[in-house]
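> Just one file: coords.txt, with compact mmCIF, C-alpha atoms.
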```txt
# COMPACT_ATOMS: atom_id res chain seq x y z
CA MET A 1 25.63 2.64 47.89
CA THR A 2 25.30 6.00 46.13
CA ALA A 3 24.13 9.19 47.80
CA THR A 4 20.89 9.00 45.88
CA GLU A 5 20.25 5.44 47.05
CA GLN A 6 20.87 6.51 50.67
CA LEU A 7 18.00 9.01 50.40
CA LEU A 8 15.56 6.38 48.95
CA PRO A 9 13.64 3.77 50.87
CA THR A 10 15.18 0.33 50.82
CA SER A 11 12.28 -1.17 48.79
CA LEU A 12 12.71 1.39 46.02
CA THR A 13 16.43 0.80 45.86
CA ALA A 14 15.94 -2.95 45.47
CA THR A 15 13.36 -2.37 42.71
CA ALA A 16 15.76 -0.17 40.76
CA ARG A 17 18.51 -2.73 41.05
CA GLY A 18 16.16 -5.48 39.83
CA ALA A 19 15.05 -3.43 36.83
CA GLY A 20 18.65 -2.74 35.84
CA ALA A 21 19.54 -6.40 36.13
CA SER A 22 16.50 -7.39 34.06
CA GLU A 23 17.41 -4.93 31.30
CA LEU A 24 20.97 -6.23 31.27
CA SER A 25 19.67 -9.80 31.04
CA ARG A 26 17.43 -8.98 28.04
CA SER A 27 20.34 -7.29 26.27
CA ARG A 28 22.58 -10.29 26.84
CA ARG A 29 19.87 -12.66 25.60
CA LYS A 30 19.52 -10.64 22.38
CA GLN A 31 23.26 -10.76 21.87
CA LEU A 32 23.31 -14.50 22.51
CA ARG A 33 20.46 -15.10 20.03
CA ALA A 34 22.22 -13.03 17.39
CA PHE A 35 25.44 -14.96 17.94
CA LEU A 36 23.66 -18.31 17.75
CA MET A 37 21.86 -17.33 14.52
CA PHE A 38 25.17 -16.23 13.00
CA ALA A 39 26.86 -19.44 14.10
CA VAL A 40 24.07 -21.63 12.72
CA SER A 41 24.04 -19.72 9.41
CA ALA A 42 27.82 -20.02 9.08
CA PHE A 43 27.60 -23.74 9.86
CA LEU A 44 24.88 -24.34 7.27
CA LEU A 45 26.77 -22.32 4.65
CA THR A 46 29.92 -24.33 5.35
CA ILE A 47 27.98 -27.59 4.99
CA ALA A 48 26.40 -26.38 1.73
CA MET A 49 29.77 -25.42 0.28
CA TRP A 50 31.26 -28.73 1.34
CA PHE A 51 28.36 -30.64 -0.21
CA THR A 52 28.48 -28.64 -3.44
CA GLN A 53 32.18 -29.28 -3.85
CA ARG A 54 31.59 -33.01 -3.55
CA ILE A 55 28.59 -33.35 -5.89
CA PRO A 56 30.79 -34.28 -8.89
CA ARG A 57 32.03 -37.31 -6.90
CA PHE A 58 28.54 -38.78 -6.97
CA THR A 59 27.39 -40.83 -9.94
CA LEU A 60 24.60 -38.84 -11.63
CA PRO A 61 22.28 -40.19 -14.30
CA SER A 62 23.60 -39.55 -17.81
CA TYR A 63 20.74 -37.18 -18.62
CA LEU A 64 21.61 -34.80 -15.78
CA ASP A 65 23.98 -31.87 -16.19
CA SER A 66 24.44 -29.47 -13.26
CA TRP A 67 21.10 -30.67 -11.88
CA SER A 68 19.28 -29.69 -15.12
CA PRO A 69 17.70 -32.60 -17.03
CA ILE A 70 18.87 -33.00 -20.63
CA THR A 71 15.66 -33.78 -22.48
CA PRO A 72 15.33 -35.48 -25.88
CA GLN A 73 14.51 -32.00 -27.21
CA ASP A 74 17.87 -30.70 -25.91
CA GLU A 75 19.69 -33.69 -27.39
CA LEU A 76 18.06 -33.00 -30.76
CA PHE A 77 19.22 -29.37 -30.63
CA GLN A 78 22.75 -30.60 -29.91
CA SER A 79 22.62 -33.09 -32.80
CA LEU A 80 21.51 -30.36 -35.23
CA SER A 81 23.85 -27.68 -33.88
CA ASN A 82 26.05 -26.02 -36.53
CA ARG A 83 24.14 -27.81 -39.28
CA ARG A 84 21.86 -26.73 -42.09
CA LEU A 85 19.15 -29.22 -43.02
CA VAL A 86 17.14 -28.40 -46.16
CA TYR A 87 13.95 -30.30 -47.01
CA ILE A 88 12.69 -30.23 -50.61
CA GLY A 89 9.43 -31.97 -51.49
CA ASP A 90 5.64 -31.89 -51.43
CA SER A 91 3.16 -31.84 -48.53
CA LEU A 92 4.50 -35.11 -47.08
CA THR A 93 7.89 -33.46 -46.66
CA ARG A 94 6.36 -30.19 -45.45
CA TYR A 95 4.69 -31.94 -42.52
CA GLN A 96 7.96 -33.70 -41.72
CA TYR A 97 9.71 -30.31 -41.57
CA LEU A 98 6.94 -28.80 -39.43
CA GLU A 99 7.04 -31.73 -37.02
CA LEU A 100 10.75 -31.18 -36.50
CA THR A 101 10.45 -27.43 -35.85
CA TYR A 102 7.46 -27.97 -33.56
CA TYR A 103 9.34 -30.59 -31.56
CA LEU A 104 12.39 -28.35 -31.27
CA GLU A 105 10.22 -25.53 -29.93
CA THR A 106 7.96 -27.47 -27.58
CA GLY A 107 9.48 -30.90 -26.95
CA LEU A 108 6.13 -32.38 -28.02
CA ILE A 109 5.13 -34.56 -30.95
CA PRO A 110 2.09 -33.06 -32.72
CA SER A 111 -1.06 -35.14 -32.52
CA THR A 112 -4.11 -35.16 -34.74
CA SER A 113 -7.38 -36.95 -35.26
CA ASN A 114 -8.67 -38.80 -38.27
CA ALA A 115 -9.81 -36.37 -40.97
CA SER A 116 -13.41 -37.54 -40.67
CA THR A 117 -13.61 -36.47 -37.01
CA LEU A 118 -11.61 -33.23 -37.07
CA VAL A 119 -12.87 -30.34 -34.98
CA ARG A 120 -12.11 -26.84 -36.25
CA GLY A 121 -9.96 -25.00 -33.77
CA LYS A 122 -7.91 -28.02 -32.73
CA TRP A 123 -4.98 -26.88 -34.84
CA ASP A 124 -2.18 -29.29 -35.61
CA PRO A 125 0.97 -28.00 -37.37
CA THR A 126 1.32 -31.32 -39.19
CA ASN A 127 -2.22 -31.28 -40.55
CA GLN A 128 -3.38 -28.32 -42.61
CA LEU A 129 -6.94 -29.67 -42.59
CA THR A 130 -7.30 -28.60 -38.95
CA TRP A 131 -6.79 -24.91 -39.86
CA PRO A 132 -9.50 -22.52 -41.12
CA ASP A 133 -7.56 -21.45 -44.24
CA TRP A 134 -4.14 -21.50 -45.85
CA ASP A 135 -3.18 -17.98 -44.77
CA THR A 136 -3.85 -18.76 -41.10
CA PHE A 137 -1.92 -21.99 -41.45
CA PHE A 138 1.08 -20.19 -42.98
CA GLN A 139 1.06 -17.41 -40.40
CA GLN A 140 0.45 -19.37 -37.22
CA THR A 141 2.94 -22.14 -37.98
CA SER A 142 5.57 -19.41 -38.28
CA ILE A 143 4.84 -16.83 -35.57
CA SER A 144 4.24 -19.55 -32.97
CA HIS A 145 7.98 -20.23 -33.09
CA ARG A 146 9.01 -17.14 -31.05
CA GLY A 147 10.22 -15.25 -34.07
CA VAL A 148 12.76 -17.78 -35.35
CA SER A 149 10.58 -18.99 -38.26
CA HIS A 150 9.78 -17.26 -41.52
CA CYS A 151 7.38 -18.40 -44.23
CA ASP A 152 7.56 -17.02 -47.76
CA CYS A 153 4.31 -18.72 -48.74
CA TYR A 154 1.46 -18.14 -51.16
CA ARG A 155 -1.40 -20.42 -52.09
CA THR A 156 -5.02 -20.07 -53.15
CA LYS A 157 -7.59 -22.59 -54.26
CA GLU A 158 -7.71 -21.01 -57.71
CA LEU A 159 -4.04 -21.45 -58.59
CA PRO A 160 -2.59 -24.71 -59.90
CA LEU A 161 -0.26 -26.27 -57.35
CA GLU A 162 2.83 -25.66 -59.46
CA GLN A 163 2.11 -21.89 -59.43
CA THR A 164 2.01 -21.69 -55.63
CA TRP A 165 5.06 -21.53 -53.40
CA GLU A 166 6.02 -22.35 -49.84
CA ASN A 167 9.51 -21.61 -48.56
CA ARG A 168 10.03 -21.94 -44.81
CA TYR A 169 13.08 -20.98 -42.76
CA TYR A 170 13.90 -21.80 -39.14
CA ASP A 171 16.98 -20.24 -37.53
CA ALA A 172 17.40 -20.86 -33.80
CA GLY A 173 20.95 -20.21 -32.69
CA ASP A 174 23.20 -22.70 -34.48
CA VAL A 175 20.30 -24.77 -35.86
CA HIS A 176 19.20 -23.92 -39.40
CA LEU A 177 16.32 -25.68 -41.16
CA GLU A 178 14.58 -24.98 -44.44
CA PHE A 179 11.66 -26.36 -46.42
CA HIS A 180 11.05 -25.64 -50.10
CA GLN A 181 7.89 -26.82 -51.83
CA LEU A 182 8.30 -29.03 -54.88
CA PHE A 183 5.11 -30.42 -56.37
CA LYS A 184 6.22 -31.18 -59.90
CA ASP A 185 9.43 -31.26 -61.83
CA VAL A 186 8.28 -28.66 -64.37
CA GLY A 187 11.74 -27.53 -65.39
CA VAL A 188 12.61 -23.84 -65.19
CA CYS A 189 10.22 -22.90 -62.38
CA SER A 190 10.04 -26.04 -60.29
CA LEU A 191 11.02 -24.00 -57.22
CA ARG A 192 9.99 -20.36 -56.80
CA GLY A 193 9.52 -17.64 -54.23
CA THR A 194 9.92 -14.02 -53.22
CA GLN A 195 12.29 -12.03 -51.04
CA SER A 196 9.46 -11.27 -48.62
CA SER A 197 10.20 -11.15 -44.89
CA VAL A 198 6.58 -11.47 -43.73
CA PRO A 199 5.16 -14.74 -42.33
CA SER A 200 2.85 -15.17 -45.31
CA GLN A 201 1.61 -13.35 -48.37
CA SER A 202 -2.02 -13.01 -49.33
CA SER A 203 -1.26 -10.44 -52.07
CA PRO A 204 2.00 -11.47 -53.74
CA PRO A 205 3.57 -9.84 -56.82
CA THR A 206 2.31 -10.91 -60.23
CA LYS A 207 5.25 -13.30 -60.46
CA PRO A 208 7.84 -14.68 -58.02
CA ASP A 209 11.14 -12.88 -57.48
CA TRP A 210 13.15 -16.00 -58.13
CA CYS A 211 12.57 -19.19 -60.08
CA GLN A 212 14.90 -22.19 -60.45
CA THR A 213 15.14 -25.75 -61.62
CA VAL A 214 15.74 -28.41 -59.00
CA PRO A 215 19.42 -28.96 -59.93
CA SER A 216 20.19 -25.22 -60.08
CA PHE A 217 18.50 -24.59 -56.73
CA ILE A 218 20.52 -27.39 -55.10
CA ALA A 219 23.72 -26.09 -56.71
CA SER A 220 23.12 -22.55 -55.40
CA THR A 221 22.30 -23.90 -51.94
CA ILE A 222 25.56 -25.87 -51.85
CA SER A 223 27.53 -22.83 -53.03
CA LEU A 224 26.15 -20.82 -50.08
CA HIS A 225 26.40 -23.64 -47.55
CA PRO A 226 29.03 -26.21 -48.65
CA THR A 227 28.29 -28.73 -45.87
CA VAL A 228 24.49 -28.60 -46.18
CA THR A 229 22.37 -31.75 -45.86
CA ILE A 230 19.53 -31.87 -48.39
CA VAL A 231 16.51 -34.13 -47.91
CA LEU A 232 14.95 -34.54 -51.36
CA ASN A 233 11.71 -36.25 -52.39
CA GLY A 234 9.97 -36.33 -55.74
CA GLY A 235 6.57 -36.56 -54.09
CA LEU A 236 3.22 -37.96 -55.07
CA HIS A 237 2.39 -35.64 -57.94
CA GLU A 238 4.96 -36.36 -60.60
CA PRO A 239 8.26 -38.17 -60.05
CA PHE A 240 11.56 -36.80 -61.26
CA SER A 241 12.56 -37.47 -64.81
CA PRO A 242 15.71 -39.61 -65.06
CA ALA A 243 17.54 -36.68 -66.63
CA THR A 244 16.70 -34.33 -63.76
CA PHE A 245 17.69 -36.84 -61.11
CA ASP A 246 20.98 -37.59 -62.86
CA HIS A 247 21.66 -33.86 -63.01
CA VAL A 248 21.01 -33.57 -59.24
CA LEU A 249 23.48 -36.38 -58.57
CA LYS A 250 26.13 -34.68 -60.70
CA VAL A 251 25.62 -31.44 -58.76
CA VAL A 252 26.11 -33.18 -55.43
CA THR A 253 29.00 -35.44 -56.45
CA ASP A 254 32.48 -34.28 -55.37
CA THR A 255 31.09 -31.75 -52.88
CA ASN A 256 31.00 -31.70 -49.08
CA ALA A 257 27.20 -31.65 -49.13
CA THR A 258 25.04 -34.68 -48.30
CA LEU A 259 21.97 -35.71 -50.29
CA ILE A 260 19.36 -37.82 -48.51
CA TRP A 261 16.84 -39.25 -50.93
CA LYS A 262 13.53 -39.69 -49.11
CA THR A 263 11.50 -42.49 -50.65
CA THR A 264 7.87 -41.66 -51.31
CA THR A 265 5.67 -43.28 -48.70
CA PRO A 266 2.82 -45.60 -49.64
CA ASP A 267 -0.76 -44.42 -49.24
CA ARG A 268 -3.10 -45.76 -46.58
CA ASN A 269 -3.97 -48.71 -48.80
CA GLY A 270 -0.32 -49.65 -49.21
CA ARG A 271 0.05 -48.45 -52.81
CA HIS A 272 3.54 -47.20 -53.69
CA VAL A 273 4.85 -44.53 -56.03
CA ARG A 274 7.71 -45.56 -58.26
CA ASP A 275 10.88 -43.74 -57.18
CA PRO A 276 13.99 -43.41 -59.32
CA PRO A 277 16.87 -45.76 -58.49
CA VAL A 278 19.34 -44.16 -56.10
CA PRO A 279 23.07 -44.92 -56.41
CA VAL A 280 23.79 -45.56 -52.75
CA HIS A 281 27.43 -46.33 -53.57
CA LEU A 282 28.13 -42.59 -53.75
CA PRO A 283 29.72 -41.52 -50.45
CA ASN A 284 27.55 -38.46 -49.91
CA VAL A 285 24.23 -39.92 -51.11
CA LYS A 286 22.02 -41.73 -48.60
CA VAL A 287 18.46 -43.08 -48.56
CA LEU A 288 15.70 -42.46 -46.03
CA ASN A 289 13.54 -45.52 -46.59
CA THR A 290 10.25 -44.24 -45.20
CA SER A 291 8.34 -47.24 -46.56
CA ALA A 292 10.46 -49.57 -44.45
CA ILE A 293 9.76 -47.47 -41.35
CA VAL A 294 6.02 -47.64 -42.01
CA ASP A 295 6.19 -51.41 -42.56
CA ASP A 296 8.12 -51.87 -39.29
CA VAL A 297 5.45 -49.97 -37.34
CA VAL A 298 2.68 -52.04 -38.94
CA ALA A 299 4.61 -55.24 -38.20
CA SER A 300 4.75 -54.24 -34.53
CA GLY A 301 0.96 -54.56 -34.36
CA ARG A 302 -0.26 -51.08 -35.28
CA ARG A 303 -3.08 -50.72 -37.78
CA ARG A 304 -1.89 -49.06 -40.98
CA GLU A 305 -4.94 -46.79 -41.16
CA ASP A 306 -4.13 -45.37 -37.71
CA LEU A 307 -0.84 -43.98 -39.02
CA TYR A 308 -2.58 -41.57 -41.44
CA PHE A 309 -4.97 -38.64 -40.98
CA ASP A 310 -6.18 -39.00 -44.57
CA HIS A 311 -5.39 -41.38 -47.41
CA LEU A 312 -1.91 -39.89 -48.04
CA HIS A 313 -0.61 -37.96 -45.02
CA PHE A 314 0.78 -39.27 -41.75
CA VAL A 315 0.04 -38.32 -38.18
CA GLY A 316 2.79 -36.42 -36.36
CA GLU A 317 4.18 -39.55 -34.74
CA MET A 318 5.27 -40.97 -38.09
CA SER A 319 6.88 -37.72 -39.24
CA HIS A 320 8.78 -37.79 -35.96
CA ARG A 321 10.02 -41.32 -36.70
CA PHE A 322 11.24 -40.20 -40.14
CA ASN A 323 13.08 -37.22 -38.64
CA MET A 324 14.71 -39.27 -35.90
CA LYS A 325 15.98 -41.72 -38.52
CA ILE A 326 17.69 -38.80 -40.29
CA VAL A 327 19.20 -37.40 -37.11
CA GLU A 328 20.33 -40.69 -35.59
CA ASP A 329 21.55 -42.59 -38.67
CA LEU A 330 21.88 -40.42 -41.78
CA LEU A 331 23.41 -37.08 -40.79
CA PRO A 332 27.12 -36.91 -41.64
```
Can the structure from this file be put into structure tokens for me?

Amino acid sequence: MTATEQLLPTSLTATARGAGASELSRSRRKQLRAFLMFAVSAFLLTIAMWFTQRIPRFTLPSYLDSWSPITPQDELFQSLSNRRLVYIGDSLTRYQYLELTYYLETGLIPSTSNASTLVRGKWDPTNQLTWPDWDTFFQQTSISHRGVSHCDCYRTKELPLEQTWENRYYDAGDVHLEFHQLFKDVGVCSLRGTQSSVPSQSSPPTKPDWCQTVPSFIASTISLHPTVTIVLNGGLHEPFSPATFDHVLKVVTDTNATLIWKTTTPDRNGRHVRDPPVPVHLPNVKVLNTSAIVDDVVASGRRREDLYFDHLHFVGEMSHRFNMKIVEDLLP
């Protein structure tokens, strides 16, 4: 007992001793809690590391990669990686191109209503009729693609179709897509455009900056991109002359490019446009038989009229089927 404790009453001395013991007990409890929390955390971390190291031993579904699902959209990006796919044709081919870019950006297939029941404001990239005007259509179907799309486009109601132009470009990483409008094989200026970098042009120059025949445009495209895949369609307006088509085949022959001839689809009543004969024996010439795809869907029980939003153009689902046929079966 200390000298100070000898001078204090016994009750006070006992109280002081109890308080000291209580304080020591609280301190030890805090230390014990801290130790237990550390031990539990270390145990859980050890278990997590052990489990992580053994995840590859489990059999994961084929669409999983490092716990991230590989979607059909991702698979399509992979299939098109390090490729350049160039569409040339009329509005049927334009909507096919727009469906592909929309699907790549959103993972969704565009949907639309029948033309007779369209509501303004319900905009569909594969149906220009759902947009208020051409300029809005050109702009919004480009800028909606997070800056990777560009549209050198000009069209008014006053101009004949063959004096308008629509050149679209989509560059997302290693995926490169293009669409070039071709309404008629009019010779020297069948394909045209400007060097503009804006999404659309409402006040273009008095004449386009460049103007080419179909064979010369394809030849220049192949010279810039030797392994390009070109999807070509004569369209509904005026089929290729035999001379022009033969010239195209000569341009493509003995190159590393691939030409996919897209047959012209029938209208909603089943009427067909006469396409030129395609020499499928050439190693780098293939055929996208869109008519056969349409017939297969109808044979499955679908009504033919439900596949169109007007008498000529297809809903987004059908454009998606055409594109998947290219990607899955026709790409080199």
> Calculate how many Å separate atom CA of Val251 of chain A from atom CA of Gly187 of chain A, rounding to one decimal.
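Atom-to-atom, atom CA of Val251 of chain A and atom CA of Gly187 of chain A are spaced 15.9 Å apart.
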> Which residues come within 9 Å of Trp123 of chain A, counting only C-alpha atoms, excluding same-chain residues fewer than 6 positions away, as a PyMOL selection string?
chain A and resi 112+129-132+137
> Rank nothing, just name the residue among A:Gln212, A:Ser241, A:Thr101, A:Thr71 nearest to His176 of chain A, using all atoms listed in the file.
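When distances to His176 of chain A are compared using all atoms listed in the file, the smallest one comes from A:Thr101.
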> Would you mind listing what lies within 8 Å of segment 182-186 of chain A as a list in words, with all atoms listed in the file counted and same-chain residues fewer than 4 positions away left out?
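With the cut-off at 8 Å, the set is Ile88, Gly89, Asp90, Leu161, Glu162, Ser190, Leu191, Thr213, Val214, Gly234, Gly235, Leu236, His237, Glu238, Pro239, Phe240 and Ser241 of chain A.
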> Of the residues A:Asn82, A:Ser111, A:Ala34, A:His272, which is the one nearest to Met318 of chain A, using all atoms listed in the file?
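Closest candidate: A:Ser111.
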> Kindly give the distance, in Å, that separates atom CA of Trp134 of chain A and atom CA of Leu159 of chain A, rounded to a single decimal.
12.7 Å
> May I have the protein, DNA and RNA residues with any atom at most 7 Å from the point (6.7, -44.9, -53.2), counting all atoms listed in the file, written as a list in words?
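It turns out the residues near that spot are Thr263, Thr264, Thr265, Pro266, His272, Val273, Arg274 and Asp275 of chain A.
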> Show me, as a list of chain:residue names, the residues that have an atom within 8 Å of segment 92-98 of chain A when counting only C-alpha atoms, minus same-chain residues fewer than 4 positions from it.
A:Tyr87, A:Ile88, A:Tyr102, A:Pro125, A:Thr126, A:Asn127, A:Thr141, A:Glu178, A:Phe179, A:Gln181, A:Asn233, A:Gly235, A:His313, A:Phe314, A:Gly316, A:Ser319, A:His320, A:Phe322, A:Asn323
> Pull C-alpha atoms from the residues just selected and write them as a PDB file, in the frame of the given file.

```pdb
ATOM      1  CA  TYR A  87      13.950 -30.300 -47.010  1.00  0.00           C
ATOM      2  CA  ILE A  88      12.690 -30.230 -50.610  1.00  0.00           C
ATOM      3  CA  TYR A 102       7.460 -27.970 -33.560  1.00  0.00           C
ATOM      4  CA  PRO A 125       0.970 -28.000 -37.370  1.00  0.00           C
ATOM      5  CA  THR A 126       1.320 -31.320 -39.190  1.00  0.00           C
ATOM      6  CA  ASN A 127      -2.220 -31.280 -40.550  1.00  0.00           C
ATOM      7  CA  THR A 141       2.940 -22.140 -37.980  1.00  0.00           C
ATOM      8  CA  GLU A 178      14.580 -24.980 -44.440  1.00  0.00           C
ATOM      9  CA  PHE A 179      11.660 -26.360 -46.420  1.00  0.00           C
ATOM     10  CA  GLN A 181       7.890 -26.820 -51.830  1.00  0.00           C
ATOM     11  CA  ASN A 233      11.710 -36.250 -52.390  1.00  0.00           C
ATOM     12  CA  GLY A 235       6.570 -36.560 -54.090  1.00  0.00           C
ATOM     13  CA  HIS A 313      -0.610 -37.960 -45.020  1.00  0.00           C
ATOM     14  CA  PHE A 314       0.780 -39.270 -41.750  1.00  0.00           C
ATOM     15  CA  GLY A 316       2.790 -36.420 -36.360  1.00  0.00           C
ATOM     16  CA  SER A 319       6.880 -37.720 -39.240  1.00  0.00           C
ATOM     17  CA  HIS A 320       8.780 -37.790 -35.960  1.00  0.00           C
ATOM     18  CA  PHE A 322      11.240 -40.200 -40.140  1.00  0.00           C
ATOM     19  CA  ASN A 323      13.080 -37.220 -38.640  1.00  0.00           C
TER      20      ASN A 323
END
```
> When you count all atoms listed in the file, which of these residues is closest to Lys286 of chain A: A:Asp329, A:Asp124, A:Asp254, A:Asp246?
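Using all atoms listed in the file, the shortest distance to Lys286 of chain A belongs to A:Asp329.
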